[in-house]
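Enquirer: Data: target00.tsv, TSV, C-alpha atoms.
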```tsv
chain	number	residue	atom	x	y	z
A	1	MET	CA	40.25	153.31	164.36
A	2	ILE	CA	42.35	154.97	167.07
A	3	VAL	CA	44.82	152.07	166.85
A	4	GLN	CA	45.23	152.63	163.12
A	5	ALA	CA	45.73	156.37	163.63
A	6	ILE	CA	48.47	155.72	166.18
A	7	GLN	CA	50.11	153.20	163.82
A	8	VAL	CA	50.08	155.60	160.88
A	9	LEU	CA	51.51	158.40	162.98
A	10	SER	CA	54.21	156.21	164.52
A	11	SER	CA	55.12	154.73	161.13
A	12	PHE	CA	55.84	158.29	160.01
A	13	ILE	CA	57.92	159.10	163.08
A	14	GLY	CA	59.75	155.76	162.91
A	15	ALA	CA	60.64	156.19	159.25
A	16	LEU	CA	61.69	159.76	159.97
A	17	GLY	CA	63.88	158.51	162.82
A	18	PHE	CA	65.66	156.01	160.58
A	19	SER	CA	66.16	158.68	157.94
A	20	ILE	CA	67.74	161.01	160.51
A	21	LEU	CA	69.93	158.18	161.78
A	22	PHE	CA	71.09	157.47	158.21
A	23	ASN	CA	71.86	161.16	157.74
A	24	VAL	CA	69.27	162.18	155.18
A	25	ARG	CA	69.10	165.96	155.16
A	26	GLY	CA	66.91	168.89	154.21
A	27	LYS	CA	63.64	168.48	152.36
A	28	LYS	CA	64.49	164.88	151.50
A	29	LEU	CA	64.25	164.02	155.19
A	30	PHE	CA	60.57	164.90	155.33
A	31	PHE	CA	59.75	162.93	152.20
A	32	ALA	CA	61.78	159.93	153.36
A	33	GLY	CA	59.70	159.89	156.53
A	34	LEU	CA	56.49	160.35	154.58
A	35	GLY	CA	57.30	157.13	152.72
A	36	GLY	CA	56.69	155.15	155.90
A	37	LEU	CA	53.29	156.74	156.30
A	38	VAL	CA	52.38	156.05	152.66
A	39	SER	CA	53.33	152.38	152.75
A	40	TRP	CA	51.60	151.73	156.08
A	41	THR	CA	48.43	153.51	154.97
A	42	VAL	CA	48.33	151.33	151.85
A	43	TYR	CA	48.93	148.28	154.04
A	44	LEU	CA	46.04	149.17	156.36
A	45	VAL	CA	43.66	149.79	153.48
A	46	MET	CA	44.60	146.49	151.82
A	47	ALA	CA	44.46	144.61	155.13
A	48	SER	CA	40.90	145.79	155.69
A	49	LEU	CA	39.91	144.43	152.26
A	50	THR	CA	41.47	140.99	152.50
A	51	THR	CA	42.38	138.38	155.11
A	52	SER	CA	45.55	137.27	153.32
A	53	THR	CA	48.97	137.96	154.88
A	54	PHE	CA	50.79	138.10	151.58
A	55	LEU	CA	48.69	140.55	149.60
A	56	PRO	CA	48.68	143.66	151.85
A	57	ASN	CA	52.44	143.49	152.35
A	58	PHE	CA	53.03	142.90	148.66
A	59	VAL	CA	50.89	145.82	147.55
A	60	ALA	CA	52.28	148.11	150.27
A	61	SER	CA	55.84	147.33	149.28
A	62	MET	CA	54.95	147.97	145.62
A	63	ALA	CA	53.47	151.33	146.61
A	64	ALA	CA	56.59	152.11	148.66
A	65	THR	CA	58.86	151.34	145.72
A	66	VAL	CA	56.80	153.41	143.27
A	67	TYR	CA	56.91	156.27	145.76
A	68	ALA	CA	60.68	155.94	146.23
A	69	GLU	CA	61.50	155.63	142.53
A	70	ALA	CA	59.31	158.60	141.63
A	71	LEU	CA	60.89	160.78	144.32
A	72	ALA	CA	64.37	159.62	143.36
A	73	ARG	CA	63.70	160.83	139.86
A	74	LEU	CA	62.46	164.21	141.08
A	75	ALA	CA	65.28	164.72	143.60
A	76	LYS	CA	67.97	163.17	141.36
A	77	SER	CA	69.15	160.96	144.24
A	78	PRO	CA	69.49	157.18	144.59
A	79	ALA	CA	66.10	155.55	145.25
A	80	THR	CA	67.52	153.71	148.29
A	81	ILE	CA	67.37	156.95	150.30
A	82	PHE	CA	63.58	157.07	150.07
A	83	LEU	CA	63.02	153.34	149.93
A	84	ILE	CA	64.51	152.57	153.36
A	85	GLY	CA	62.03	154.76	155.23
A	86	ALA	CA	59.12	153.46	153.22
A	87	ILE	CA	59.99	149.79	153.71
A	88	ILE	CA	60.83	149.97	157.44
A	89	PRO	CA	57.23	149.70	158.77
A	90	LEU	CA	56.73	146.56	156.66
A	91	VAL	CA	59.75	144.74	158.09
A	92	PRO	CA	58.40	141.70	160.00
A	93	GLY	CA	60.20	142.50	163.28
A	94	GLY	CA	57.06	141.82	165.31
A	95	GLN	CA	56.45	138.44	163.66
A	96	LEU	CA	60.08	137.53	164.18
A	97	TYR	CA	59.66	138.25	167.88
A	98	TYR	CA	56.45	136.22	168.24
A	99	THR	CA	58.06	133.29	166.40
A	100	MET	CA	60.89	133.38	168.92
A	101	ASN	CA	58.49	133.92	171.80
A	102	TYR	CA	56.45	130.80	170.98
A	103	ALA	CA	59.65	128.80	170.73
A	104	VAL	CA	60.42	129.93	174.30
A	105	ALA	CA	56.90	128.91	175.35
A	106	LYS	CA	57.38	125.59	173.50
A	107	ASN	CA	54.12	126.22	171.68
A	108	TRP	CA	55.20	124.65	168.41
A	109	GLY	CA	51.90	125.10	166.59
A	110	LEU	CA	51.97	128.88	166.96
A	111	PHE	CA	55.73	128.85	166.42
A	112	ALA	CA	55.25	127.29	162.99
A	113	MET	CA	52.42	129.67	162.17
A	114	TYR	CA	54.37	132.80	163.06
A	115	GLY	CA	57.54	131.48	161.46
A	116	GLN	CA	55.61	130.96	158.25
A	117	ARG	CA	54.12	134.42	158.53
A	118	THR	CA	57.57	136.01	159.00
A	119	LEU	CA	58.85	134.31	155.86
A	120	ILE	CA	55.73	135.15	153.87
A	121	ILE	CA	55.96	138.83	154.78
A	122	ALA	CA	59.68	138.94	153.97
A	123	MET	CA	58.95	137.36	150.59
A	124	ALA	CA	55.98	139.64	149.93
A	125	VAL	CA	58.01	142.76	150.67
A	126	SER	CA	60.97	141.70	148.56
A	127	GLY	CA	58.62	140.56	145.80
A	128	GLY	CA	56.97	143.97	145.76
A	129	ILE	CA	60.30	145.75	145.48
A	130	MET	CA	61.39	143.35	142.73
A	131	MET	CA	58.27	143.80	140.61
A	132	VAL	CA	58.31	147.58	140.62
A	133	SER	CA	62.09	147.93	140.32
A	134	SER	CA	62.12	145.60	137.32
A	135	VAL	CA	59.42	147.58	135.55
A	136	TYR	CA	61.32	150.78	136.31
A	137	ARG	CA	64.49	149.30	134.86
A	138	LEU	CA	62.63	148.39	131.70
A	139	TYR	CA	61.32	151.93	131.47
A	140	ASN	CA	64.77	153.36	132.15
A	141	GLY	CA	66.24	151.10	129.49
A	142	LEU	CA	63.76	152.43	126.96
A	143	VAL	CA	64.49	156.06	127.84
A	144	PHE	CA	68.27	155.67	128.03
A	145	SER	CA	68.60	153.79	124.76
A	146	ARG	CA	66.88	156.71	123.08
A	147	VAL	CA	69.15	159.25	124.80
A	148	LYS	CA	72.22	157.22	123.87
A	149	LYS	CA	71.28	157.16	120.21
A	150	LYS	CA	70.86	160.91	120.23
A	151	LYS	CA	74.19	161.40	122.00
A	152	GLN	CA	76.05	159.16	119.58
A	153	THR	CA	74.80	161.03	116.56
A	154	GLY	CA	75.61	164.31	118.35
A	155	LYS	CA	79.12	163.12	119.11
A	156	LYS	CA	79.92	162.39	115.50
A	157	GLU	CA	79.03	165.90	114.53
A	158	ASN	CA	80.81	167.78	117.33
A	159	ASN	CA	83.85	165.68	118.08
A	160	PRO	CA	86.65	165.92	115.52
A	161	GLU	CA	88.65	163.06	117.05
B	162	MET	CA	99.75	157.49	133.66
B	163	PHE	CA	96.96	160.03	133.75
B	164	LEU	CA	94.40	157.26	133.67
B	165	LYS	CA	96.10	155.66	136.64
B	166	GLN	CA	95.29	158.78	138.66
B	167	VAL	CA	91.73	158.70	137.39
B	168	LEU	CA	91.39	155.05	138.35
B	169	ILE	CA	92.66	155.71	141.88
B	170	GLN	CA	90.20	158.54	142.43
B	171	ALA	CA	87.29	156.70	140.81
B	172	MET	CA	87.88	153.70	143.04
B	173	ASP	CA	88.05	155.89	146.13
B	174	LEU	CA	84.71	157.34	145.15
B	175	GLY	CA	83.26	153.91	144.48
B	176	LYS	CA	84.42	152.56	147.81
B	177	MET	CA	82.93	155.50	149.68
B	178	MET	CA	79.63	155.00	147.86
B	179	LEU	CA	79.51	151.31	148.72
B	180	ILE	CA	80.25	152.01	152.39
B	181	SER	CA	77.61	154.74	152.52
B	182	GLY	CA	74.91	152.35	151.34
B	183	ALA	CA	74.84	152.34	147.53
B	184	GLY	CA	73.89	149.24	145.57
B	185	VAL	CA	76.54	147.22	143.76
B	186	SER	CA	75.38	148.04	140.25
B	187	ARG	CA	75.41	151.77	140.98
B	188	VAL	CA	79.02	151.56	142.18
B	189	GLU	CA	80.13	149.62	139.11
B	190	ASP	CA	78.28	151.98	136.84
B	191	THR	CA	79.79	155.08	138.44
B	192	ILE	CA	83.38	153.82	138.22
B	193	GLU	CA	82.90	152.79	134.60
B	194	ARG	CA	81.40	156.11	133.61
B	195	ILE	CA	84.15	158.18	135.25
B	196	CYS	CA	86.97	156.16	133.67
B	197	LEU	CA	85.31	156.27	130.26
B	198	ALA	CA	84.72	160.01	130.58
B	199	TYR	CA	88.47	160.53	131.02
B	200	GLY	CA	89.33	158.57	127.92
B	201	ALA	CA	89.72	154.92	128.89
B	202	ARG	CA	89.14	152.52	126.01
B	203	GLU	CA	87.73	149.74	128.14
B	204	VAL	CA	86.67	149.47	131.76
B	205	GLU	CA	85.82	146.26	133.56
B	206	ALA	CA	84.40	146.76	137.03
B	207	PHE	CA	83.43	143.94	139.33
B	208	THR	CA	81.94	144.59	142.75
B	209	ILE	CA	80.60	142.41	145.48
B	210	THR	CA	79.71	143.55	148.96
B	211	SER	CA	83.23	143.17	150.33
B	212	SER	CA	85.45	143.97	147.36
B	213	ILE	CA	85.82	146.12	144.25
B	214	VAL	CA	88.01	145.12	141.29
B	215	VAL	CA	88.50	147.45	138.34
B	216	THR	CA	90.65	147.06	135.24
B	217	VAL	CA	91.18	149.96	132.86
B	218	THR	CA	92.61	149.68	129.36
B	219	THR	CA	94.01	152.89	127.87
B	220	GLU	CA	93.98	153.93	124.23
B	221	ASP	CA	97.66	152.89	123.99
B	222	GLY	CA	96.87	149.40	125.24
B	223	ASP	CA	98.27	149.81	128.76
B	224	VAL	CA	96.33	147.92	131.41
B	225	PHE	CA	95.85	149.02	135.03
B	226	THR	CA	94.11	147.05	137.72
B	227	GLN	CA	93.25	148.03	141.25
B	228	THR	CA	91.30	146.29	143.99
B	229	LYS	CA	89.66	147.60	147.14
B	230	ARG	CA	88.55	145.63	150.15
B	231	ILE	CA	85.49	146.80	152.10
B	232	LYS	CA	85.52	145.71	155.70
B	233	TYR	CA	82.70	147.70	157.23
B	234	TYR	CA	79.56	149.59	156.30
B	235	LYS	CA	78.38	152.91	157.62
B	236	THR	CA	75.14	154.04	156.08
B	237	ASP	CA	75.25	157.75	155.39
B	238	PHE	CA	72.78	158.91	152.78
B	239	HIS	CA	73.92	162.52	152.80
B	240	LYS	CA	77.40	161.38	151.80
B	241	LEU	CA	75.93	159.07	149.17
B	242	ASP	CA	73.91	161.92	147.75
B	243	ARG	CA	76.94	164.19	147.52
B	244	LEU	CA	79.07	161.46	145.94
B	245	ASN	CA	76.32	160.83	143.42
B	246	ASP	CA	76.14	164.51	142.50
B	247	LEU	CA	79.93	164.68	142.30
B	248	SER	CA	80.18	161.71	139.93
B	249	ARG	CA	77.44	163.17	137.76
B	250	TYR	CA	79.24	166.52	137.62
B	251	VAL	CA	82.61	164.89	136.88
B	252	CYS	CA	81.24	162.83	134.00
B	253	ARG	CA	79.55	165.85	132.48
B	254	GLU	CA	82.19	168.56	132.92
B	255	LYS	CA	85.40	166.46	133.07
B	256	PRO	CA	87.22	168.84	135.44
B	257	ASP	CA	90.89	168.48	136.37
B	258	ILE	CA	91.48	165.27	138.32
B	259	SER	CA	92.82	167.22	141.32
B	260	TYR	CA	89.35	168.74	141.65
B	261	LEU	CA	87.88	165.28	142.14
B	262	GLU	CA	90.55	164.47	144.72
B	263	GLU	CA	89.86	167.68	146.62
B	264	LYS	CA	86.12	167.14	146.65
B	265	LEU	CA	86.51	163.55	147.82
B	266	SER	CA	88.62	164.47	150.81
B	267	ASP	CA	86.14	167.24	151.50
B	268	ILE	CA	83.24	164.74	151.57
B	269	ARG	CA	85.26	162.26	153.60
B	270	GLN	CA	85.78	164.79	156.36
B	271	GLU	CA	82.15	165.71	156.65
B	272	HIS	CA	80.84	165.32	160.17
B	273	ILE	CA	78.24	162.78	161.19
B	274	TYR	CA	76.08	162.96	164.26
B	275	SER	CA	77.93	162.50	167.54
B	276	LEU	CA	77.26	159.38	169.59
B	277	PRO	CA	74.91	161.00	172.14
B	278	VAL	CA	72.77	162.43	169.33
B	279	GLN	CA	72.73	159.04	167.62
B	280	CYS	CA	71.58	157.46	170.87
B	281	LEU	CA	68.81	160.03	171.12
B	282	ILE	CA	67.61	159.22	167.59
B	283	ALA	CA	67.88	155.49	168.28
B	284	SER	CA	65.72	155.91	171.38
B	285	LEU	CA	63.13	157.77	169.30
B	286	ILE	CA	63.04	154.90	166.79
B	287	ALA	CA	62.85	152.13	169.39
B	288	GLY	CA	60.17	153.94	171.40
B	289	THR	CA	58.10	154.69	168.32
B	290	PHE	CA	58.16	151.11	167.10
B	291	ALA	CA	57.27	149.80	170.55
B	292	VAL	CA	54.11	151.90	170.25
B	293	PHE	CA	53.66	150.95	166.59
B	294	PHE	CA	53.51	147.25	167.50
B	295	GLY	CA	50.83	147.77	170.09
B	296	GLY	CA	52.64	149.02	173.19
B	297	GLY	CA	51.29	151.76	175.41
B	298	PHE	CA	52.88	154.95	176.68
B	299	VAL	CA	54.94	153.19	179.37
B	300	GLU	CA	56.27	150.61	176.91
B	301	GLY	CA	57.22	153.44	174.57
B	302	ILE	CA	59.26	155.16	177.26
B	303	ILE	CA	61.01	151.99	178.40
B	304	GLY	CA	61.62	151.01	174.77
B	305	ALA	CA	63.17	154.42	174.13
B	306	LEU	CA	65.52	154.08	177.10
B	307	CYS	CA	66.54	150.60	175.94
B	308	GLY	CA	67.08	151.97	172.42
B	309	ALA	CA	69.59	154.54	173.66
B	310	ALA	CA	71.38	151.89	175.73
B	311	VAL	CA	71.45	149.47	172.79
B	312	TRP	CA	72.92	152.02	170.42
B	313	TRP	CA	75.59	152.95	172.91
B	314	LEU	CA	76.41	149.27	173.49
B	315	MET	CA	76.62	148.62	169.73
B	316	ALA	CA	78.98	151.56	169.25
B	317	PHE	CA	81.11	150.35	172.15
B	318	LEU	CA	81.29	146.77	170.84
B	319	GLN	CA	82.08	147.97	167.32
B	320	LYS	CA	84.94	150.03	168.69
B	321	LEU	CA	86.35	146.88	170.30
B	322	ASP	CA	86.21	145.32	166.83
B	323	SER	CA	83.90	142.51	167.82
B	324	ASN	CA	82.04	140.84	164.96
B	325	ILE	CA	78.62	142.16	164.03
B	326	MET	CA	76.77	138.92	164.79
B	327	PHE	CA	78.06	138.90	168.35
B	328	SER	CA	77.13	142.57	168.81
B	329	ASP	CA	73.60	141.89	167.60
B	330	PHE	CA	73.25	138.88	169.85
B	331	THR	CA	74.50	140.81	172.88
B	332	ALA	CA	72.28	143.81	172.15
B	333	ALA	CA	69.17	141.66	171.77
B	334	PHE	CA	70.10	139.76	174.92
B	335	MET	CA	70.48	143.00	176.87
B	336	VAL	CA	67.15	144.43	175.70
B	337	ALA	CA	65.25	141.26	176.51
B	338	THR	CA	66.92	141.13	179.92
B	339	ILE	CA	66.01	144.73	180.82
B	340	ALA	CA	62.46	144.33	179.50
B	341	TYR	CA	61.90	141.03	181.28
B	342	ILE	CA	63.25	142.27	184.63
B	343	LEU	CA	61.19	145.48	184.44
B	344	ALA	CA	58.10	143.39	183.66
B	345	HIS	CA	58.93	141.13	186.59
B	346	LEU	CA	59.17	144.17	188.88
B	347	GLY	CA	55.75	145.26	187.68
B	348	ALA	CA	56.68	148.36	185.66
B	349	THR	CA	54.95	146.93	182.59
B	350	ARG	CA	52.91	143.88	181.63
B	351	ASP	CA	53.80	143.77	177.97
B	352	TYR	CA	57.57	143.36	177.63
B	353	GLY	CA	57.12	141.97	174.10
B	354	THR	CA	56.53	145.31	172.43
B	355	ILE	CA	59.65	146.76	174.08
B	356	ILE	CA	61.74	143.96	172.61
B	357	ILE	CA	60.08	144.32	169.19
B	358	GLY	CA	60.78	148.06	169.11
B	359	ASN	CA	64.46	147.41	169.69
B	360	ILE	CA	64.58	144.51	167.24
B	361	MET	CA	63.24	146.94	164.61
B	362	LEU	CA	66.10	149.26	165.47
B	363	LEU	CA	68.68	146.52	164.94
B	364	VAL	CA	67.14	144.82	161.88
B	365	PRO	CA	69.42	145.48	158.88
B	366	GLY	CA	66.90	147.32	156.71
B	367	VAL	CA	69.43	148.93	154.39
B	368	ALA	CA	71.18	145.64	153.69
B	369	PHE	CA	67.81	143.95	153.04
B	370	VAL	CA	66.64	146.58	150.54
B	371	ASN	CA	70.05	146.72	148.85
B	372	SER	CA	70.27	142.96	148.51
B	373	ILE	CA	66.92	142.82	146.73
B	374	ARG	CA	67.92	145.68	144.46
B	375	ASP	CA	71.27	144.03	143.71
B	376	ILE	CA	69.54	140.83	142.65
B	377	ILE	CA	67.20	142.83	140.41
B	378	GLY	CA	70.19	144.62	138.89
B	379	GLY	CA	71.65	141.31	137.78
B	380	ASP	CA	74.27	141.06	140.54
B	381	VAL	CA	72.82	137.86	141.92
B	382	MET	CA	76.00	136.90	143.73
B	383	ALA	CA	76.44	140.22	145.55
B	384	GLY	CA	72.75	140.24	146.39
B	385	MET	CA	72.81	136.70	147.76
B	386	ILE	CA	75.81	137.44	149.99
B	387	ARG	CA	74.06	140.46	151.44
B	388	LEU	CA	70.79	138.55	151.83
B	389	CYS	CA	72.64	135.86	153.79
B	390	GLU	CA	74.00	138.59	156.06
B	391	VAL	CA	70.45	139.82	156.65
B	392	VAL	CA	69.06	136.38	157.45
B	393	VAL	CA	71.93	135.53	159.78
B	394	THR	CA	71.56	138.86	161.59
B	395	ALA	CA	67.82	138.28	162.03
B	396	VAL	CA	68.47	134.79	163.41
B	397	PHE	CA	71.04	136.16	165.87
B	398	LEU	CA	68.65	138.91	167.01
B	399	ALA	CA	65.97	136.32	167.70
B	400	ALA	CA	68.50	134.02	169.36
B	401	GLY	CA	69.71	136.82	171.66
B	402	SER	CA	66.27	137.58	173.02
B	403	PHE	CA	65.40	133.85	173.08
B	404	THR	CA	68.41	133.13	175.27
B	405	ALA	CA	67.57	135.99	177.62
B	406	LEU	CA	63.93	134.96	178.02
B	407	VAL	CA	64.76	131.30	178.57
B	408	LEU	CA	67.50	132.17	181.05
B	409	TRP	CA	65.54	134.72	183.11
B	410	GLY	CA	62.35	132.73	182.78
B	411	GLY	CA	64.19	129.90	184.51
B	412	VAL	CA	65.90	132.05	187.16
B	413	LEU	CA	63.23	134.57	188.23
```
Using structure tokens, write down the structure that the file contains.

Expert:
Amino acid sequence: MIVQAIQVLSSFIGALGFSILFNVRGKKLFFAGLGGLVSWTVYLVMASLTTSTFLPNFVASMAATVYAEALARLAKSPATIFLIGAIIPLVPGGQLYYTMNYAVAKNWGLFAMYGQRTLIIAMAVSGGIMMVSSVYRLYNGLVFSRVKKKKQTGKKENNPE
Amino acid sequence: MFLKQVLIQAMDLGKMMLISGAGVSRVEDTIERICLAYGAREVEAFTITSSIVVTVTTEDGDVFTQTKRIKYYKTDFHKLDRLNDLSRYVCREKPDISYLEEKLSDIRQEHIYSLPVQCLIASLIAGTFAVFFGGGFVEGIIGALCGAAVWWLMAFLQKLDSNIMFSDFTAAFMVATIAYILAHLGATRDYGTIIIGNIMLLVPGVAFVNSIRDIIGGDVMAGMIRLCEVVVTAVFLAAGSFTALVLWGGVL
């Protein structure tokens, strides 16, 4: 339990650090950092429920994207600002290292296993972002097409040209 | 002629957005909106990660084209935010074009963190992720020191105009070297977490997220180019630490 607590705390600080480095300012900075905490908490919860590598990362990255898109809407900023912090803890840097490490040790069995795991996590994370972003685009399309129709009718009335 | 001015300013804005870390579709969308807001009949914008091409057709049938080449990226979300607000304001209020020019040069001159501060933040990130991946207090401290050194080295190499792959390779090599030697001297047993913390610092997270979002937005080509960049960078990071560990493992 103490390990998880340390991970959650450090995911927050790490995401916050990246957000400072990428010059996010003001209130947005706090929420960009909080994204890391959210996604890692979701990951830990999912990881305790299943033994799969794919599923926890997939769900966590979906949660991160929902979080980022929702905040982007509230703050009227690009979603990338919040998404970076939220995705950072899920990046398979550790797996990448162990893959390399087992290549150094010439332990090809573990090398293949960790290499696979690195790829699976990368795919799970990108898949999560893709799913949620696509649904958001659909939703946006619905909303914007309505706004456009309204604007066009408004234009005809107001604009003499 | 007026639209020519608009096009120049809109492209400046688009280029700054792309450099600051915006996705391709957002850049295209912004340029199109601004040109249309100022009375262009047709706007065709095409953007990939390293280039922007825009053609504007006026009501009279005149055609203007301009291209921009992007040679480097510098993620700066505060800038991106301000540019986003500016483009929104411009499309809504259609102020005089000199206002846009003024604001752009204003945003361009905005300060970023100085190198020592950046190094401090980098050390925070590297130290934190060393702990995140299972390191103890000592690993965190060593990771943090390496992080500061890595960031300084990266800035130095970038100033010398070396290519990004080489910088990544060198940085990863340096971290693995320091970590391995310190472990050899008995300062720490677990040099792995130190290296991981610094790999996390160097992993191109922004490019990764943007490439996925580009592909979603229908810009498969731009997304694929950026995704290739990410994969190659990751391979070079691993190769840098691999080389160091093999080398020092053989020597010490």

Enquirer: Please identify all polymer residues within 6 Å of B:Gly308, counting all atoms listed in the file, omitting same-chain residues fewer than 6 positions from it, and present them as a list in words.

Expert: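 Contacts, with the query itself left out: Ala283, Ser284, Ala287 and Asn359 of chain B.
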
Enquirer: Using C-alpha atoms, can you write the selected residues to a file as a CSV table (one decimal), keeping the file's coordinate frame?

Expert:
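Writing the result to again-v5.csv gives the following:
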```csv
chain,number,residue,atom,x,y,z
B,283,ALA,CA,67.9,155.5,168.3
B,284,SER,CA,65.7,155.9,171.4
B,287,ALA,CA,62.8,152.1,169.4
B,359,ASN,CA,64.5,147.4,169.7
```

Enquirer: Return as a PyMOL selection string the residues belonging to chain B that are within 9 Å of chain A, counting only C-alpha atoms.

Expert: chain B and resi 182-184+187+235-242+245-246+273-274+279+282-283+285-290+292-295+353-354+356-358+360-362+364+366-367+369-371+373-374+376-378+395-396+399-400+402-404+406-407

Enquirer: Could you dump the residues just selected with C-alpha atoms as a CSV table (one decimal), in the coordinates of the input?

Expert:
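The new file again_20.csv reads:
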```csv
chain,number,residue,atom,x,y,z
B,182,GLY,CA,74.9,152.4,151.3
B,183,ALA,CA,74.8,152.3,147.5
B,184,GLY,CA,73.9,149.2,145.6
B,187,ARG,CA,75.4,151.8,141.0
B,235,LYS,CA,78.4,152.9,157.6
B,236,THR,CA,75.1,154.0,156.1
B,237,ASP,CA,75.2,157.8,155.4
B,238,PHE,CA,72.8,158.9,152.8
B,239,HIS,CA,73.9,162.5,152.8
B,240,LYS,CA,77.4,161.4,151.8
B,241,LEU,CA,75.9,159.1,149.2
B,242,ASP,CA,73.9,161.9,147.8
B,245,ASN,CA,76.3,160.8,143.4
B,246,ASP,CA,76.1,164.5,142.5
B,273,ILE,CA,78.2,162.8,161.2
B,274,TYR,CA,76.1,163.0,164.3
B,279,GLN,CA,72.7,159.0,167.6
B,282,ILE,CA,67.6,159.2,167.6
B,283,ALA,CA,67.9,155.5,168.3
B,285,LEU,CA,63.1,157.8,169.3
B,286,ILE,CA,63.0,154.9,166.8
B,287,ALA,CA,62.8,152.1,169.4
B,288,GLY,CA,60.2,153.9,171.4
B,289,THR,CA,58.1,154.7,168.3
B,290,PHE,CA,58.2,151.1,167.1
B,292,VAL,CA,54.1,151.9,170.2
B,293,PHE,CA,53.7,151.0,166.6
B,294,PHE,CA,53.5,147.2,167.5
B,295,GLY,CA,50.8,147.8,170.1
B,353,GLY,CA,57.1,142.0,174.1
B,354,THR,CA,56.5,145.3,172.4
B,356,ILE,CA,61.7,144.0,172.6
B,357,ILE,CA,60.1,144.3,169.2
B,358,GLY,CA,60.8,148.1,169.1
B,360,ILE,CA,64.6,144.5,167.2
B,361,MET,CA,63.2,146.9,164.6
B,362,LEU,CA,66.1,149.3,165.5
B,364,VAL,CA,67.1,144.8,161.9
B,366,GLY,CA,66.9,147.3,156.7
B,367,VAL,CA,69.4,148.9,154.4
B,369,PHE,CA,67.8,144.0,153.0
B,370,VAL,CA,66.6,146.6,150.5
B,371,ASN,CA,70.0,146.7,148.8
B,373,ILE,CA,66.9,142.8,146.7
B,374,ARG,CA,67.9,145.7,144.5
B,376,ILE,CA,69.5,140.8,142.6
B,377,ILE,CA,67.2,142.8,140.4
B,378,GLY,CA,70.2,144.6,138.9
B,395,ALA,CA,67.8,138.3,162.0
B,396,VAL,CA,68.5,134.8,163.4
B,399,ALA,CA,66.0,136.3,167.7
B,400,ALA,CA,68.5,134.0,169.4
B,402,SER,CA,66.3,137.6,173.0
B,403,PHE,CA,65.4,133.8,173.1
B,404,THR,CA,68.4,133.1,175.3
B,406,LEU,CA,63.9,135.0,178.0
B,407,VAL,CA,64.8,131.3,178.6
```

Enquirer: In Å, rounded to a single decimal, give me how far atom CA of B:Cys307 is from atom CA of A:Ser61.

Expert: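 About the pair atom CA of A:Ser61 and atom CA of B:Cys307: they are 28.9 Å apart.
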
Enquirer: Can you tell me how far atom CA of B:Asp375 sits from atom CA of B:Gln319, in Å to one decimal?

Expert: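 Separating atom CA of B:Asp375 from atom CA of B:Gln319 is a distance of 26.3 Å.
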
Enquirer: How many Å separate atom CA of B:Val381 from atom CA of A:Asn57?

Expert: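 Going from atom CA of B:Val381 over to atom CA of A:Asn57 covers 23.6 Å.
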
Enquirer: Neighbouring residues of B:Ala383 were defined as those with any atom within 9 Å, considering all atoms listed in the file; residues of the same chain fewer than 5 positions away were excluded. Please report them as an MDAnalysis selection string.

Expert: chainID B and resid 185 208:211 372 375:376 388

Enquirer: Using only C-alpha atoms, please write the residues we just selected to a file, as a short mmCIF file (atom, residue, chain, number, x, y, z; two decimals), in the frame of the given file.

Expert:
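Saved result, selection.cif, follows:
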```cif
data_model
loop_
_atom_site.label_atom_id
_atom_site.label_comp_id
_atom_site.auth_asym_id
_atom_site.auth_seq_id
_atom_site.Cartn_x
_atom_site.Cartn_y
_atom_site.Cartn_z
CA VAL B 185 76.54 147.22 143.76
CA THR B 208 81.94 144.59 142.75
CA ILE B 209 80.60 142.41 145.48
CA THR B 210 79.71 143.55 148.96
CA SER B 211 83.23 143.17 150.33
CA SER B 372 70.27 142.96 148.51
CA ASP B 375 71.27 144.03 143.71
CA ILE B 376 69.54 140.83 142.65
CA LEU B 388 70.79 138.55 151.83
#
```

Enquirer: Set the distance at 10 Å and use all atoms listed in the file: which residues neighbour B:Arg249 once local chain neighbours fewer than 6 positions away are removed? I'd like the list as a PyMOL selection string.

Expert: chain B and resi 191+194-195+243+255

Enquirer: Between A:Ala5, A:Ala63, A:Leu44, A:Arg73, which residue has the minimum interatomic distance to A:Asn140, considering all atoms listed in the file?

Expert: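 Once distances to A:Asn140 are computed over all atoms listed in the file, the minimum belongs to A:Arg73.
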
Enquirer: Which of these residues is nearest to A:Val42, using only C-alpha atoms: A:Ile120, A:Ala60, A:Val147, A:Leu74?

Expert: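 Ranked by minimum distance to A:Val42, first place goes to A:Ala60.
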
Enquirer: Could you check the closest approach to B:Cys252 for each of B:Ile386, B:Ile192, B:Ala340, B:Ile169 and tell me which residue wins, using only C-alpha atoms?

Expert: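 Looking at the shortest contact to B:Cys252, the residue is B:Ile192.
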
Enquirer: So which residues touch B:Lys232 within 12 Å, counting all atoms listed in the file, skipping near sequence neighbours fewer than 3 positions away, as a PyMOL selection string?

Expert: chain B and resi 176-177+179-180+209-213+229+235+322+324-325

Enquirer: Let me see the file: selected residues, C-alpha atoms, as a short mmCIF file (atom, residue, chain, number, x, y, z; two decimals), keeping the file's coordinate frame.

Expert:
```
data_model
loop_
_atom_site.label_atom_id
_atom_site.label_comp_id
_atom_site.auth_asym_id
_atom_site.auth_seq_id
_atom_site.Cartn_x
_atom_site.Cartn_y
_atom_site.Cartn_z
CA LYS B 176 84.42 152.56 147.81
CA MET B 177 82.93 155.50 149.68
CA LEU B 179 79.51 151.31 148.72
CA ILE B 180 80.25 152.01 152.39
CA ILE B 209 80.60 142.41 145.48
CA THR B 210 79.71 143.55 148.96
CA SER B 211 83.23 143.17 150.33
CA SER B 212 85.45 143.97 147.36
CA ILE B 213 85.82 146.12 144.25
CA LYS B 229 89.66 147.60 147.14
CA LYS B 235 78.38 152.91 157.62
CA ASP B 322 86.21 145.32 166.83
CA ASN B 324 82.04 140.84 164.96
CA ILE B 325 78.62 142.16 164.03
#
```
